[in-house]
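S.K.: Sharing my_file-v4.txt here; it has compact mmCIF, C-alpha atoms.
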# COMPACT_ATOMS: atom_id res chain seq x y z
CA MET A 1 27.07 42.33 -33.97
CA PRO A 2 24.70 39.43 -33.34
CA ALA A 3 25.57 36.71 -30.86
CA THR A 4 27.39 33.67 -32.23
CA CYS A 5 27.13 30.12 -30.89
CA VAL A 6 29.61 27.35 -31.69
CA GLU A 7 29.77 23.79 -30.42
CA LEU A 8 32.87 23.08 -28.33
CA MET A 9 35.46 20.53 -29.38
CA LEU A 10 34.86 18.33 -26.31
CA SER A 11 31.10 18.38 -26.76
CA ARG A 12 28.79 15.39 -27.21
CA ARG A 13 29.15 13.13 -24.22
CA ILE A 14 26.93 10.20 -25.14
CA VAL A 15 25.46 7.39 -23.04
CA HIS A 16 24.24 5.25 -25.90
CA GLY A 17 20.51 4.69 -25.73
CA GLU A 18 20.07 6.80 -22.61
CA SER A 19 21.34 10.38 -22.85
CA ALA A 20 23.50 12.91 -24.67
CA GLU A 21 25.16 16.17 -23.66
CA PHE A 22 26.19 19.00 -26.03
CA GLN A 23 28.34 21.98 -24.98
CA TYR A 24 28.44 25.39 -26.68
CA LEU A 25 30.27 28.70 -26.45
CA VAL A 26 28.28 31.90 -27.05
CA GLN A 27 30.00 35.23 -27.79
CA GLY A 28 29.02 38.76 -28.74
CA THR A 29 26.23 39.62 -26.28
CA ASP A 30 25.76 40.74 -22.70
CA SER A 31 22.11 39.64 -22.77
CA GLU A 32 21.19 36.33 -21.18
CA ALA A 33 18.06 36.16 -23.32
CA ASP A 34 20.04 36.68 -26.55
CA ALA A 35 22.63 34.10 -25.47
CA LEU A 36 19.90 31.57 -24.73
CA ALA A 37 18.23 32.24 -28.08
CA ALA A 38 21.54 31.64 -29.86
CA VAL A 39 21.95 28.29 -28.07
CA LEU A 40 18.40 27.18 -28.95
CA ALA A 41 19.03 28.12 -32.59
CA ALA A 42 22.26 26.08 -32.72
CA ALA A 43 21.28 23.01 -30.69
CA PRO A 44 19.04 20.51 -32.49
CA ALA A 45 15.57 20.01 -31.02
CA SER A 46 16.27 16.31 -30.55
CA TYR A 47 19.06 13.77 -30.70
CA VAL A 48 18.39 10.65 -32.74
CA PHE A 49 20.29 7.35 -32.71
CA THR A 50 19.65 3.68 -33.41
CA VAL A 51 19.89 0.85 -30.85
CA ASP A 52 19.53 -2.76 -32.06
CA GLY A 53 17.76 -1.56 -35.17
CA VAL A 54 15.34 0.63 -33.22
CA THR A 55 15.42 4.39 -33.71
CA VAL A 56 15.35 6.33 -30.44
CA THR A 57 14.69 10.06 -30.21
CA LEU A 58 15.78 12.01 -27.14
CA PRO A 59 14.14 15.44 -26.80
CA ARG A 60 16.17 18.52 -25.92
CA GLN A 61 15.95 19.65 -22.30
CA ALA A 62 16.19 23.25 -21.07
CA PRO A 63 19.75 24.58 -21.64
CA GLU A 64 22.03 25.48 -18.74
CA LEU A 65 23.76 28.82 -19.32
CA GLU A 66 26.81 30.08 -17.40
CA PRO A 67 28.46 33.51 -17.92
CA LEU A 68 32.24 33.36 -18.37
CA HIS A 69 32.87 37.04 -19.04
CA VAL A 70 30.26 39.76 -19.50
CA THR A 71 30.82 43.48 -20.13
CA SER A 72 28.59 46.20 -21.47
CA GLY A 73 27.69 45.29 -25.03
CA ASP A 74 29.77 42.11 -25.10
CA GLY A 75 30.08 38.80 -23.32
CA MET A 76 31.06 35.14 -23.36
CA TRP A 77 28.79 32.33 -22.17
CA GLN A 78 29.13 28.56 -21.83
CA ALA A 79 26.03 26.44 -22.36
CA ARG A 80 25.17 22.80 -21.78
CA VAL A 81 22.25 21.10 -23.47
CA ASP A 82 21.04 17.68 -22.30
CA TYR A 83 19.04 15.17 -24.32
CA ARG A 84 17.16 12.48 -22.38
CA PRO A 85 13.76 10.79 -22.27
CA GLU A 86 10.93 12.96 -21.07
CA ASN A 87 9.68 12.38 -17.55
CA ARG A 88 6.09 11.42 -18.24
CA SER A 89 5.10 11.03 -14.61
CA THR A 90 2.49 13.48 -13.45
CA PRO A 91 1.79 14.67 -9.92
CA PRO A 92 -1.12 12.96 -8.16
CA GLN A 93 -4.54 14.54 -8.50
CA GLU A 94 -7.07 15.03 -5.73
CA ASP A 95 -9.20 11.91 -5.12
CA GLU A 96 -6.73 9.77 -7.10
CA SER A 97 -6.42 6.31 -5.50
CA SER A 98 -4.30 3.16 -5.50
CA PHE A 99 -4.95 -0.25 -3.95
CA SER A 100 -3.00 -3.32 -2.73
CA PHE A 101 -3.90 -6.56 -0.96
CA ASP A 102 -2.35 -9.48 0.93
CA THR A 103 -3.83 -12.94 1.56
CA THR A 104 -0.93 -14.52 3.46
CA GLY A 105 -3.29 -15.19 6.38
CA GLY A 106 -2.88 -14.99 10.13
CA THR A 107 -2.09 -17.36 12.99
CA GLN A 108 -4.69 -18.45 15.51
CA LYS A 109 -4.62 -20.93 18.38
CA VAL A 110 -7.47 -23.43 18.27
CA THR A 111 -8.51 -25.99 20.86
CA GLN A 112 -11.05 -27.80 18.68
CA SER A 113 -10.35 -29.64 15.43
CA LEU A 114 -12.75 -29.67 12.50
CA GLN A 115 -12.78 -33.46 12.53
CA THR A 116 -10.92 -36.28 14.27
CA ILE A 117 -9.59 -38.35 11.39
CA GLY A 118 -8.29 -41.24 13.45
CA SER A 119 -7.48 -42.39 17.00
CA TYR A 120 -5.16 -45.26 17.86
CA PRO A 121 -5.25 -47.90 19.16
CA ALA A 122 -8.83 -48.96 18.72
CA GLY A 123 -10.93 -47.90 21.67
CA ALA A 124 -8.87 -44.74 22.41
CA PRO A 125 -10.81 -42.05 24.36
CA ASP A 126 -13.08 -39.77 22.29
CA PHE A 127 -12.45 -36.08 23.13
CA LYS A 128 -15.03 -34.74 20.64
CA GLY A 129 -12.37 -32.83 18.74
CA ALA A 130 -10.53 -31.30 21.73
CA VAL A 131 -6.87 -30.92 20.70
CA GLY A 132 -3.90 -31.74 22.89
CA PHE A 133 -5.40 -32.78 26.24
CA ASP A 134 -2.47 -33.44 28.58
CA GLY A 135 -4.43 -34.84 31.49
CA GLU A 136 -4.99 -31.39 32.99
CA LYS A 137 -5.95 -28.97 30.22
CA VAL A 138 -6.58 -28.75 26.49
CA GLU A 139 -3.41 -27.27 24.97
CA GLY A 140 -4.67 -26.71 21.40
CA CYS A 141 -2.41 -25.83 18.47
CA ASP A 142 -1.54 -22.86 16.25
CA ILE A 143 -2.94 -22.84 12.71
CA THR A 144 -2.98 -20.45 9.76
CA VAL A 145 -6.42 -18.95 9.22
CA PRO A 146 -7.74 -16.95 6.25
CA VAL A 147 -7.17 -13.23 6.78
CA TYR A 148 -7.49 -10.88 3.84
CA LYS A 149 -5.60 -7.61 4.30
CA PHE A 150 -5.83 -4.68 1.95
CA SER A 151 -4.60 -1.10 1.78
CA GLU A 152 -5.79 1.95 -0.10
CA THR A 153 -3.96 5.19 -0.82
CA HIS A 154 -5.98 8.33 -1.52
CA PHE A 155 -4.92 11.90 -2.26
CA LYS A 156 -6.91 14.62 -0.53
CA GLY A 157 -6.70 18.40 -0.26
CA ALA A 158 -5.67 20.25 2.89
CA ALA A 159 -9.23 21.50 3.42
CA PHE A 160 -10.41 17.89 3.68
CA VAL A 161 -7.64 16.65 6.00
CA ASN A 162 -8.42 18.97 8.90
CA GLY A 163 -8.40 18.42 12.66
CA PRO A 164 -11.91 16.97 12.97
CA TYR A 165 -11.22 14.55 10.10
CA LYS A 166 -8.00 13.29 11.72
CA ALA A 167 -9.87 12.79 14.99
CA ALA A 168 -12.59 10.83 13.19
CA VAL A 169 -10.03 8.53 11.57
CA MET A 170 -8.37 7.94 14.93
CA ALA A 171 -11.72 7.10 16.53
CA LEU A 172 -12.52 4.52 13.83
CA THR A 173 -9.16 2.76 14.23
CA GLY A 174 -9.67 -0.66 15.78
CA GLN A 175 -13.36 -0.74 14.90
CA VAL A 176 -15.36 -3.16 12.73
CA ASN A 177 -17.67 -2.03 9.95
CA SER A 178 -21.25 -1.54 11.09
CA ALA A 179 -22.49 -1.66 7.47
CA GLY A 180 -21.32 -3.13 4.19
CA PHE A 181 -17.85 -1.97 3.11
CA ARG A 182 -15.93 -2.74 -0.10
CA GLY A 183 -18.25 -5.65 -0.86
CA PHE A 184 -17.92 -7.25 2.60
CA ALA A 185 -20.79 -7.69 5.05
CA ALA A 186 -21.10 -5.82 8.33
CA GLY A 187 -18.80 -7.30 10.96
CA GLU A 188 -16.17 -8.60 8.50
CA VAL A 189 -13.80 -5.62 8.06
CA LEU A 190 -11.47 -4.37 10.79
CA PHE A 191 -9.94 -0.90 10.29
CA LEU A 192 -6.27 -1.16 11.30
CA GLY A 193 -5.58 2.57 11.02
CA ALA A 194 -4.26 5.15 8.58
CA SER A 195 -1.11 7.16 7.95
CA GLY A 196 -0.77 10.45 6.12
CA ALA A 197 1.92 12.74 4.75
CA ARG A 198 1.96 16.01 2.86
CA ARG A 199 5.03 17.04 0.87
CA GLY A 200 5.71 20.71 0.29
CA ARG A 201 4.67 23.89 2.04
CA SER A 202 1.98 25.17 -0.27
CA SER A 203 -1.64 25.04 0.88
CA SER A 204 -2.45 23.43 -2.48
CA ASP A 205 -0.19 20.42 -1.85
CA LEU A 206 -2.14 17.18 -1.43
CA TRP A 207 -2.15 14.79 1.49
CA GLU A 208 -1.22 11.19 0.70
CA LEU A 209 -3.40 9.03 2.97
CA SER A 210 -2.95 5.25 3.34
CA PHE A 211 -5.73 3.19 4.94
CA HIS A 212 -5.24 -0.40 6.16
CA PHE A 213 -7.89 -3.05 6.67
CA ALA A 214 -8.20 -6.76 7.51
CA VAL A 215 -11.10 -9.08 6.66
CA SER A 216 -12.38 -12.14 8.51
CA LYS A 217 -15.55 -13.76 7.18
CA ASN A 218 -18.75 -14.16 9.14
CA ARG A 219 -19.94 -17.70 9.91
CA ALA A 220 -23.35 -19.19 10.65
CA SER A 221 -24.68 -22.53 11.91
CA PHE A 222 -21.45 -24.47 12.44
CA ASP A 223 -20.42 -27.25 14.80
CA VAL A 224 -17.89 -27.06 17.63
CA GLY A 225 -17.41 -30.39 19.41
CA GLY A 226 -21.02 -31.41 18.94
CA ILE A 227 -22.41 -27.97 19.86
CA THR A 228 -24.09 -25.93 17.12
CA VAL A 229 -23.09 -22.27 17.04
CA ALA A 230 -25.82 -20.14 15.46
CA ALA A 231 -23.63 -17.25 14.27
CA LYS A 232 -20.24 -15.63 14.71
CA ALA A 233 -19.26 -12.32 13.08
CA GLY A 234 -15.80 -12.27 11.54
CA TRP A 235 -14.04 -10.33 14.31
CA GLU A 236 -15.97 -11.73 17.28
CA TYR A 237 -13.98 -14.05 19.54
CA LEU A 238 -15.00 -17.68 20.06
CA TRP A 239 -13.87 -19.77 23.00
CA VAL A 240 -14.79 -23.16 24.40
CA LEU A 241 -15.52 -24.16 27.99
CA TYR A 242 -14.41 -27.70 28.72
CA GLU A 243 -15.62 -30.09 31.42
CA ASP A 244 -14.40 -33.34 32.86
CA ALA A 245 -16.14 -36.40 31.49
CA VAL A 246 -15.64 -40.12 31.26
CA ASP A 247 -15.47 -42.19 28.13
CA PRO A 248 -17.07 -45.44 29.33
CA GLY A 249 -15.87 -47.42 26.32
CA ALA A 250 -12.23 -46.45 26.90
CA LYS A 251 -12.68 -46.28 30.69
CA ALA A 252 -10.75 -42.99 30.70
CA ARG A 253 -11.19 -39.48 32.08
CA ILE A 254 -11.49 -36.98 29.25
CA ARG A 255 -12.22 -33.26 28.56
CA ARG A 256 -15.11 -32.39 26.29
CA PRO A 257 -16.72 -29.10 25.21
CA ARG A 258 -19.47 -28.11 27.60
CA ALA A 259 -20.34 -24.72 26.09
CA VAL A 260 -19.21 -22.38 23.33
CA TYR A 261 -19.11 -18.59 23.76
CA VAL A 262 -19.01 -15.88 21.12
CA GLU A 263 -17.71 -12.56 22.46
CA LYS A 264 -17.80 -9.06 21.01
CA VAL A 265 -14.30 -7.61 21.47
CA TYR A 266 -14.31 -4.73 18.92
CA GLU A 267 -16.57 -1.69 18.74
CA THR A 268 -18.43 -1.14 15.48
CA GLY A 269 -18.26 2.06 13.46
CA ASP A 270 -19.48 3.70 10.28
CA PHE A 271 -16.61 3.62 7.77
CA ALA A 272 -18.28 6.34 5.73
CA GLY A 273 -16.49 8.65 8.17
CA LEU A 274 -13.19 7.81 6.47
CA GLY A 275 -14.28 9.86 3.48
CA ILE A 276 -13.16 7.31 0.90
CA GLY A 277 -16.53 5.80 0.03
CA THR A 278 -17.85 2.42 1.09
CA GLY A 279 -18.63 0.66 -2.19
CA ALA A 280 -16.64 -2.15 -3.75
Show me this structure written as structure tokens.
M.R.:
Amino acid sequence: MPATCVELMLSRRIVHGESAEFQYLVQGTDSEADALAAVLAAAPASYVFTVDGVTVTLPRQAPELEPLHVTSGDGMWQARVDYRPENRSTPPQEDESSFSFDTTGGTQKVTQSLQTIGSYPAGAPDFKGAVGFDGEKVEGCDITVPVYKFSETHFKGAAFVNGPYKAAVMALTGQVNSAGFRGFAAGEVLFLGASGARRGRSSSDLWELSFHFAVSKNRASFDVGGITVAAKAGWEYLWVLYEDAVDPGAKARIRRPRAVYVEKVYETGDFAGLGIGTGA
């Protein structure tokens, strides 16, 4: 006697527009394969309904089969069949990438203004742009400066993410690009570091690697308190040495820039060692 499959009375639990659930009872076989075939023959391949005049089709998912009573040559099975949208997401592929950026800027303390717009009353001392002189020292002020931050996520195989590679990434952390990188000139990109994770235990599972960078633009031939600075790379540090002076017109002791220094505070490195390319 062939297996029979009937839909149960309390079947068809529907979440309109989202999912449906059918329940069946299979009798007349001790074979799981035959019971499953009977369910697939009885359950429609899709469930169709209309929402706001739009026809929606939910494909049938793999049935769940549970034995209630099975003996030699006979048996009773309960089955549940779900209908829901297909999950179209696919696992990441090796060398697949994603990118994000942030231009909210950073904070920097400056002791020199770009320009003194006004001084009051007439005849006030001229500090040549020094900000916040309190009679003893130039206090300066905190400003927001352009800092472009960006992150990249890359998927790499286990053979690529080995011990020497991890060590190379660590060594490049806190270094500035020695050559062009992502369309920026040498000296403009600071590597902030990377993080990685691998899900699963299989040797074929991919590593998800996230790399973080910050950009500060190079400058050339600019003025600081009457002193011309020939060049400053983006991540070099600039500071001003002040000296006591007298403003004869105001008959006041003042502080003015005496010298400007540009300091190298980060090592440079070849970002090709990150293994993610260097082009834009």
S.K.: Excluding Thr71 in chain A and its own-chain neighbours fewer than 4 positions away, which residues fall within 9 Å of it when counting all atoms listed in the file? Please give them as a ChimeraX atom specification.
M.R.: /A:29-30,75-76
S.K.: Restricted to C-alpha atoms, what would the selected residues look like written as a PDB file, in the frame of the given file?
M.R.:
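So selection-v6.pdb came out as:
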ATOM      1  CA  THR A  29      26.230  39.620 -26.280  1.00  0.00           C
ATOM      2  CA  ASP A  30      25.760  40.740 -22.700  1.00  0.00           C
ATOM      3  CA  GLY A  75      30.080  38.800 -23.320  1.00  0.00           C
ATOM      4  CA  MET A  76      31.060  35.140 -23.360  1.00  0.00           C
TER       5      MET A  76
END
S.K.: Tell me which residues come within 8 Å of (13.3, 12.4, -27.0), as a list in words, counting all atoms listed in the file in the file's coordinates.
M.R.: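 Final list of nearby residues, as requested, is Ser46, Tyr47, Val48, Val56, Thr57, Leu58, Pro59, Arg60, Tyr83, Arg84, Pro85 and Glu86 of chain A.
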S.K.: Residues within 9 Å of range 216-221 of chain A, please, as a compact mmCIF listing (two decimals) with C-alpha atoms, keeping the file's coordinate frame. Count all atoms listed in the file; anything in the same chain fewer than 2 positions from it doesn't count.
M.R.:
# COMPACT_ATOMS: atom_id res chain seq x y z
CA PRO A 146 -7.74 -16.95 6.25
CA VAL A 147 -7.17 -13.23 6.78
CA TYR A 148 -7.49 -10.88 3.84
CA PHE A 184 -17.92 -7.25 2.60
CA ALA A 185 -20.79 -7.69 5.05
CA ALA A 186 -21.10 -5.82 8.33
CA GLY A 187 -18.80 -7.30 10.96
CA GLU A 188 -16.17 -8.60 8.50
CA VAL A 189 -13.80 -5.62 8.06
CA LEU A 190 -11.47 -4.37 10.79
CA ALA A 214 -8.20 -6.76 7.51
CA ASP A 223 -20.42 -27.25 14.80
CA THR A 228 -24.09 -25.93 17.12
CA VAL A 229 -23.09 -22.27 17.04
CA ALA A 230 -25.82 -20.14 15.46
CA ALA A 231 -23.63 -17.25 14.27
CA LYS A 232 -20.24 -15.63 14.71
CA ALA A 233 -19.26 -12.32 13.08
CA GLY A 234 -15.80 -12.27 11.54
CA TRP A 235 -14.04 -10.33 14.31
CA GLU A 236 -15.97 -11.73 17.28
S.K.: When you look at Leu274 in chain A with a cut-off of 8 Å (counting only C-alpha atoms), what residues show up, excluding the ones that are within fewer than 3 positions of it in the same chain? I need them as a list in words.
M.R.: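 Everything that qualifies: Tyr165, Ala168, Val169, Phe271 and Gly277 of chain A.
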S.K.: Please, what distance in Å, to one decimal, runs between CA of Gly183 in chain A and CA of Gly279 in chain A?
M.R.: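 It comes out at 6.5 Å.
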S.K.: Would you mind listing what lies within 7 Å of Tyr261 in chain A as a JSON list (two decimals) with C-alpha atoms, in the coordinates of the input, with all atoms listed in the file counted and same-chain residues fewer than 3 positions away left out?
M.R.:
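Below is the file that was written, result_5.json:
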[["chain", "number", "residue", "atom", "x", "y", "z"],
["A", 238, "LEU", "CA", -15.00, -17.68, 20.06],
["A", 239, "TRP", "CA", -13.87, -19.77, 23.00],
["A", 240, "VAL", "CA", -14.79, -23.16, 24.40]]
S.K.: So, counting only C-alpha atoms, which residue among A:Ala43, A:Val131, A:Ala124, A:Ala179 is closest to Ala250 in chain A?
M.R.: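 Once distances to Ala250 in chain A are computed over only C-alpha atoms, the minimum belongs to A:Ala124.
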S.K.: Which residue, A:Val70, A:Leu65, A:Val262, A:Ala130, has the smallest gap to Gly28 in chain A when you use only C-alpha atoms?
M.R.: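 Among the listed residues, A:Val70 lies closest to Gly28 in chain A.
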S.K.: Could you check which of A:Asp126, A:Glu21, A:Asp205, A:Asp134 is closest to Asp247 in chain A, using all atoms listed in the file?
M.R.: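 Nearest to Asp247 in chain A: A:Asp126.
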S.K.: Any idea what the distance is between CA of Ile14 in chain A and CA of Val81 in chain A?
M.R.: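 These two atoms are separated by 12.0 Å.
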S.K.: Could you work out how far CA of Ala272 in chain A lies from CA of Phe99 in chain A, giving the answer in Å with one decimal?
M.R.: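 Here the two named atoms are 17.7 Å from each other.
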S.K.: Using all atoms listed in the file, find the one residue out of A:Gln27, A:Thr55, A:Thr104, A:Thr268 that sits nearest to His69 in chain A.
M.R.: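 Closest candidate: A:Gln27.
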S.K.: Between A:Lys128, A:Ala45, A:His212, A:Pro67, single out the one closest to Thr116 in chain A, counting all atoms listed in the file.
M.R.: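 Going through A:Lys128, A:Ala45, A:His212, A:Pro67 one by one, the smallest distance to Thr116 in chain A is for A:Lys128.
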S.K.: Skipping near chain neighbours, those fewer than 2 positions away, what residues fall within 8 Å of Trp207 in chain A using only C-alpha atoms, listed as a list of chain:residue names?
M.R.: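 In the requested form, the answer reads A:Phe155, A:Lys156, A:Gly157, A:Ala158, A:Val161, A:Gly196, A:Ala197, A:Arg198, A:Arg199, A:Asp205, A:Leu209.
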S.K.: Rank nothing, just name the residue among A:Phe101, A:Tyr237, A:Ala245, A:Leu68 nearest to Phe127 in chain A, using all atoms listed in the file.
M.R.: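 Among the listed residues, the smallest separation from Phe127 in chain A belongs to A:Ala245.
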S.K.: Counting only C-alpha atoms, which residues have an atom no more than 7 Å from (-1.4, -27.2, 21.0) in the file's coordinates? Please list them as a compact mmCIF listing (two decimals) with C-alpha atoms, in the frame of the given file.
M.R.:
# COMPACT_ATOMS: atom_id res chain seq x y z
CA VAL A 131 -6.87 -30.92 20.70
CA GLY A 132 -3.90 -31.74 22.89
CA GLU A 139 -3.41 -27.27 24.97
CA GLY A 140 -4.67 -26.71 21.40
CA CYS A 141 -2.41 -25.83 18.47
CA ASP A 142 -1.54 -22.86 16.25
S.K.: Complete range 161-179 of chain A at the level of N, CA and C atoms, written as a tab-separated table (two decimals), in the coordinates of the input.
M.R.:
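Heads up, here's the output in result-v4.tsv:
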chain	number	residue	atom	x	y	z
A	161	VAL	N	-8.39	17.29	4.91
A	161	VAL	CA	-7.64	16.65	6.00
A	161	VAL	C	-7.42	17.69	7.12
A	162	ASN	N	-8.50	18.00	7.81
A	162	ASN	CA	-8.42	18.97	8.90
A	162	ASN	C	-8.43	18.25	10.25
A	163	GLY	N	-8.44	19.02	11.33
A	163	GLY	CA	-8.40	18.42	12.66
A	163	GLY	C	-9.55	17.48	12.96
A	164	PRO	N	-10.80	17.89	12.70
A	164	PRO	CA	-11.91	16.97	12.97
A	164	PRO	C	-11.83	15.67	12.16
A	165	TYR	N	-11.34	15.76	10.91
A	165	TYR	CA	-11.22	14.55	10.10
A	165	TYR	C	-10.19	13.60	10.71
A	166	LYS	N	-9.03	14.14	11.11
A	166	LYS	CA	-8.00	13.29	11.72
A	166	LYS	C	-8.52	12.62	12.99
A	167	ALA	N	-9.30	13.36	13.77
A	167	ALA	CA	-9.87	12.79	14.99
A	167	ALA	C	-10.86	11.68	14.66
A	168	ALA	N	-11.62	11.86	13.59
A	168	ALA	CA	-12.59	10.83	13.19
A	168	ALA	C	-11.89	9.56	12.75
A	169	VAL	N	-10.80	9.70	12.01
A	169	VAL	CA	-10.03	8.53	11.57
A	169	VAL	C	-9.45	7.80	12.77
A	170	MET	N	-8.92	8.56	13.72
A	170	MET	CA	-8.37	7.94	14.93
A	170	MET	C	-9.45	7.16	15.68
A	171	ALA	N	-10.64	7.75	15.79
A	171	ALA	CA	-11.72	7.10	16.53
A	171	ALA	C	-12.17	5.80	15.87
A	172	LEU	N	-12.09	5.73	14.55
A	172	LEU	CA	-12.52	4.52	13.83
A	172	LEU	C	-11.46	3.42	13.84
A	173	THR	N	-10.23	3.76	14.19
A	173	THR	CA	-9.16	2.76	14.23
A	173	THR	C	-9.48	1.69	15.27
A	174	GLY	N	-9.35	0.43	14.88
A	174	GLY	CA	-9.67	-0.66	15.78
A	174	GLY	C	-11.15	-0.95	15.88
A	175	GLN	N	-11.93	-0.45	14.92
A	175	GLN	CA	-13.36	-0.74	14.90
A	175	GLN	C	-13.71	-1.61	13.69
A	176	VAL	N	-14.86	-2.26	13.78
A	176	VAL	CA	-15.36	-3.16	12.73
A	176	VAL	C	-16.52	-2.47	12.04
A	177	ASN	N	-16.64	-2.72	10.73
A	177	ASN	CA	-17.67	-2.03	9.95
A	177	ASN	C	-19.07	-2.38	10.42
A	178	SER	N	-19.87	-1.33	10.66
A	178	SER	CA	-21.25	-1.54	11.09
A	178	SER	C	-22.20	-1.74	9.90
A	179	ALA	N	-21.70	-1.47	8.70
A	179	ALA	CA	-22.49	-1.66	7.47
A	179	ALA	C	-21.56	-2.19	6.40
